[in-house]
Amino acid sequence: MVTARGELDLAAAGQLWERLEPLLQPGALVVFDGTELTFLDSSGLRILLQAHKRAESDGAVFRIVAPQPAVQRVLDLAGADKYLRLRADVAGALAG
């Protein structure tokens with residue numbers, strides 16, 4: 001599981017990708033805990049979509065837990081909620 005706190009913006013996006021990429025192996029379940037994420041910009045959104053795409057192509061599963069309302073709004077406006085596997089809590093993300 002990877003947890004992010006605060007803002008997922010241009011300054012943090014590269015660091016997040018460095019943490020996520022090695023985990024996206026065939027058969028892996030990777031959970032991104034966004035419960036403490038307060039801001040998401042386009043570079044952060046790109047990383048989440050990139051992780052989703054990599055997981056699908058490599059036979060892994062990538063799920064996102066409980067984005068805050070401001071973050072959920074960005075996902076909704078971008079239409080990303082149609083592609084990303086969002087869950088209400090960590091237990092739900094781990095269970096499926």
# chains A, B, ... in the order shown; residues from 1 in each chain; ligands from 1

call {"tool": "select_by_dssp", "arguments": {"residues": "range 10-79 of chain A", "states": "strand (DSSP E or B)", "output": "ChimeraX atom specification"}}
result
/A:29-40,61-65

call {"tool": "atom_distance", "arguments": {"atom1": "CA of Ser42 in chain A", "atom2": "CA of Gln25 in chain A"}}
result
24.9 Å

call {"tool": "residues_around", "arguments": {"residues": "Leu37 in chain A", "least_positions_apart": "2", "cutoff": "12 Å", "atoms": "only C-alpha atoms", "output": "ChimeraX atom specification"}}
result
/A:2-9,12,32-35,39-41,44,64-72

call {"tool": "write_last_selection", "arguments": {"atoms": "N, CA and C atoms", "output": "JSON list (two decimals), in the first residue's frame"}}
result
[["chain", "number", "residue", "atom", "x", "y", "z"],
["A", 2, "VAL", "N", 0.48, 2.23, -0.77],
["A", 2, "VAL", "CA", 1.18, 3.50, -0.84],
["A", 2, "VAL", "C", 0.21, 4.57, -0.33],
["A", 3, "THR", "N", 0.68, 5.41, 0.58],
["A", 3, "THR", "CA", -0.14, 6.47, 1.15],
["A", 3, "THR", "C", 0.44, 7.82, 0.77],
["A", 4, "ALA", "N", -0.44, 8.74, 0.41],
["A", 4, "ALA", "CA", -0.02, 10.12, 0.13],
["A", 4, "ALA", "C", -0.78, 11.05, 1.06],
["A", 5, "ARG", "N", -0.09, 12.09, 1.51],
["A", 5, "ARG", "CA", -0.70, 13.09, 2.38],
["A", 5, "ARG", "C", -0.50, 14.47, 1.77],
["A", 6, "GLY", "N", -1.46, 15.33, 1.98],
["A", 6, "GLY", "CA", -1.32, 16.70, 1.51],
["A", 6, "GLY", "C", -1.64, 16.84, 0.04],
["A", 7, "GLU", "N", -0.72, 17.42, -0.72],
["A", 7, "GLU", "CA", -0.97, 17.74, -2.11],
["A", 7, "GLU", "C", -0.24, 16.79, -3.05],
["A", 8, "LEU", "N", -0.97, 16.33, -4.05],
["A", 8, "LEU", "CA", -0.37, 15.55, -5.12],
["A", 8, "LEU", "C", -0.36, 16.45, -6.35],
["A", 9, "ASP", "N", 0.77, 17.13, -6.50],
["A", 9, "ASP", "CA", 0.93, 18.11, -7.56],
["A", 9, "ASP", "C", 2.23, 17.84, -8.29],
["A", 12, "ALA", "N", 5.19, 16.65, -6.25],
["A", 12, "ALA", "CA", 5.12, 15.33, -5.63],
["A", 12, "ALA", "C", 4.89, 14.19, -6.61],
["A", 32, "PHE", "N", -3.55, 2.52, -3.38],
["A", 32, "PHE", "CA", -3.12, 3.88, -3.12],
["A", 32, "PHE", "C", -4.11, 4.49, -2.15],
["A", 33, "ASP", "N", -3.65, 4.79, -0.94],
["A", 33, "ASP", "CA", -4.50, 5.36, 0.09],
["A", 33, "ASP", "C", -4.49, 6.88, -0.03],
["A", 34, "GLY", "N", -5.62, 7.41, -0.52],
["A", 34, "GLY", "CA", -5.74, 8.85, -0.71],
["A", 34, "GLY", "C", -6.58, 9.53, 0.34],
["A", 35, "THR", "N", -6.79, 8.87, 1.48],
["A", 35, "THR", "CA", -7.66, 9.45, 2.50],
["A", 35, "THR", "C", -7.12, 10.75, 3.09],
["A", 39, "PHE", "N", -5.32, 17.75, -2.13],
["A", 39, "PHE", "CA", -5.27, 18.46, -3.41],
["A", 39, "PHE", "C", -4.71, 17.54, -4.47],
["A", 40, "LEU", "N", -5.28, 17.63, -5.66],
["A", 40, "LEU", "CA", -4.82, 16.84, -6.81],
["A", 40, "LEU", "C", -4.83, 17.74, -8.03],
["A", 41, "ASP", "N", -3.68, 17.86, -8.70],
["A", 41, "ASP", "CA", -3.66, 18.63, -9.95],
["A", 41, "ASP", "C", -3.48, 17.67, -11.12],
["A", 44, "GLY", "N", -0.67, 15.07, -10.86],
["A", 44, "GLY", "CA", -1.01, 13.97, -9.96],
["A", 44, "GLY", "C", -2.02, 13.03, -10.58],
["A", 64, "ILE", "N", -7.66, 2.82, -5.66],
["A", 64, "ILE", "CA", -7.51, 4.06, -4.91],
["A", 64, "ILE", "C", -8.54, 4.10, -3.81],
["A", 65, "VAL", "N", -8.10, 4.44, -2.59],
["A", 65, "VAL", "CA", -8.98, 4.46, -1.43],
["A", 65, "VAL", "C", -9.43, 5.88, -1.09],
["A", 66, "ALA", "N", -10.72, 6.03, -0.90],
["A", 66, "ALA", "CA", -11.39, 7.17, -0.28],
["A", 66, "ALA", "C", -10.80, 8.54, -0.54],
["A", 67, "PRO", "N", -10.82, 8.99, -1.77],
["A", 67, "PRO", "CA", -10.35, 10.35, -1.99],
["A", 67, "PRO", "C", -11.23, 11.36, -1.25],
["A", 68, "GLN", "N", -10.62, 12.43, -0.78],
["A", 68, "GLN", "CA", -11.35, 13.52, -0.14],
["A", 68, "GLN", "C", -12.24, 14.21, -1.17],
["A", 69, "PRO", "N", -13.26, 14.95, -0.73],
["A", 69, "PRO", "CA", -14.18, 15.59, -1.68],
["A", 69, "PRO", "C", -13.50, 16.44, -2.75],
["A", 70, "ALA", "N", -12.49, 17.22, -2.38],
["A", 70, "ALA", "CA", -11.81, 18.06, -3.37],
["A", 70, "ALA", "C", -11.10, 17.21, -4.41],
["A", 71, "VAL", "N", -10.52, 16.11, -3.98],
["A", 71, "VAL", "CA", -9.82, 15.21, -4.89],
["A", 71, "VAL", "C", -10.84, 14.44, -5.74],
["A", 72, "GLN", "N", -11.91, 13.99, -5.12],
["A", 72, "GLN", "CA", -12.96, 13.29, -5.86],
["A", 72, "GLN", "C", -13.54, 14.18, -6.95]]

call {"tool": "select_by_dssp", "arguments": {"residues": "chain A", "states": "alpha helix (DSSP H)", "output": "PyMOL selection string"}}
result
chain A and resi 10-20+42-58+69-78+90-95

call {"tool": "atom_distance", "arguments": {"atom1": "CA of Arg87 in chain A", "atom2": "CA of Val30 in chain A"}}
result
12.5 Å

call {"tool": "residues_around", "arguments": {"residues": "Leu49 in chain A", "least_positions_apart": "2", "cutoff": "12 Å", "atoms": "only C-alpha atoms", "output": "VMD selection string"}}
result
chain A and resid 13 17 20 32 42 to 47 51 to 56 62 to 64 75 78 to 85

call {"tool": "decode", "arguments": {"residues": "range 42-54 of chain A", "atoms": "N, CA and C atoms", "output": "mmCIF file, in the first residue's frame"}}
result
data_model
loop_
_atom_site.group_PDB
_atom_site.id
_atom_site.type_symbol
_atom_site.label_atom_id
_atom_site.label_comp_id
_atom_site.auth_asym_id
_atom_site.auth_seq_id
_atom_site.Cartn_x
_atom_site.Cartn_y
_atom_site.Cartn_z
ATOM 1 N N SER A 42 -3.334 18.222 -12.314
ATOM 2 C CA SER A 42 -3.275 17.384 -13.511
ATOM 3 C C SER A 42 -2.062 16.464 -13.527
ATOM 4 N N SER A 43 -0.945 16.886 -12.943
ATOM 5 C CA SER A 43 0.229 16.012 -12.920
ATOM 6 C C SER A 43 0.012 14.836 -11.968
ATOM 7 N N GLY A 44 -0.671 15.070 -10.864
ATOM 8 C CA GLY A 44 -1.013 13.972 -9.956
ATOM 9 C C GLY A 44 -2.024 13.029 -10.585
ATOM 10 N N LEU A 45 -3.006 13.599 -11.261
ATOM 11 C CA LEU A 45 -3.995 12.786 -11.965
ATOM 12 C C LEU A 45 -3.320 11.924 -13.019
ATOM 13 N N ARG A 46 -2.362 12.491 -13.730
ATOM 14 C CA ARG A 46 -1.625 11.739 -14.749
ATOM 15 C C ARG A 46 -0.934 10.522 -14.143
ATOM 16 N N ILE A 47 -0.347 10.678 -12.963
ATOM 17 C CA ILE A 47 0.336 9.565 -12.308
ATOM 18 C C ILE A 47 -0.659 8.467 -11.936
ATOM 19 N N LEU A 48 -1.817 8.836 -11.415
ATOM 20 C CA LEU A 48 -2.821 7.836 -11.043
ATOM 21 C C LEU A 48 -3.317 7.081 -12.271
ATOM 22 N N LEU A 49 -3.555 7.801 -13.361
ATOM 23 C CA LEU A 49 -3.998 7.148 -14.598
ATOM 24 C C LEU A 49 -2.883 6.297 -15.195
ATOM 25 N N GLN A 50 -1.656 6.777 -15.092
ATOM 26 C CA GLN A 50 -0.508 6.018 -15.588
ATOM 27 C C GLN A 50 -0.349 4.715 -14.799
ATOM 28 N N ALA A 51 -0.519 4.786 -13.497
ATOM 29 C CA ALA A 51 -0.427 3.577 -12.665
ATOM 30 C C ALA A 51 -1.539 2.598 -13.025
ATOM 31 N N HIS A 52 -2.730 3.114 -13.236
ATOM 32 C CA HIS A 52 -3.854 2.263 -13.641
ATOM 33 C C HIS A 52 -3.549 1.566 -14.973
ATOM 34 N N LYS A 53 -3.069 2.340 -15.934
ATOM 35 C CA LYS A 53 -2.760 1.782 -17.254
ATOM 36 C C LYS A 53 -1.647 0.739 -17.169
ATOM 37 N N ARG A 54 -0.601 1.044 -16.405
ATOM 38 C CA ARG A 54 0.508 0.091 -16.256
ATOM 39 C C ARG A 54 0.023 -1.182 -15.576
#
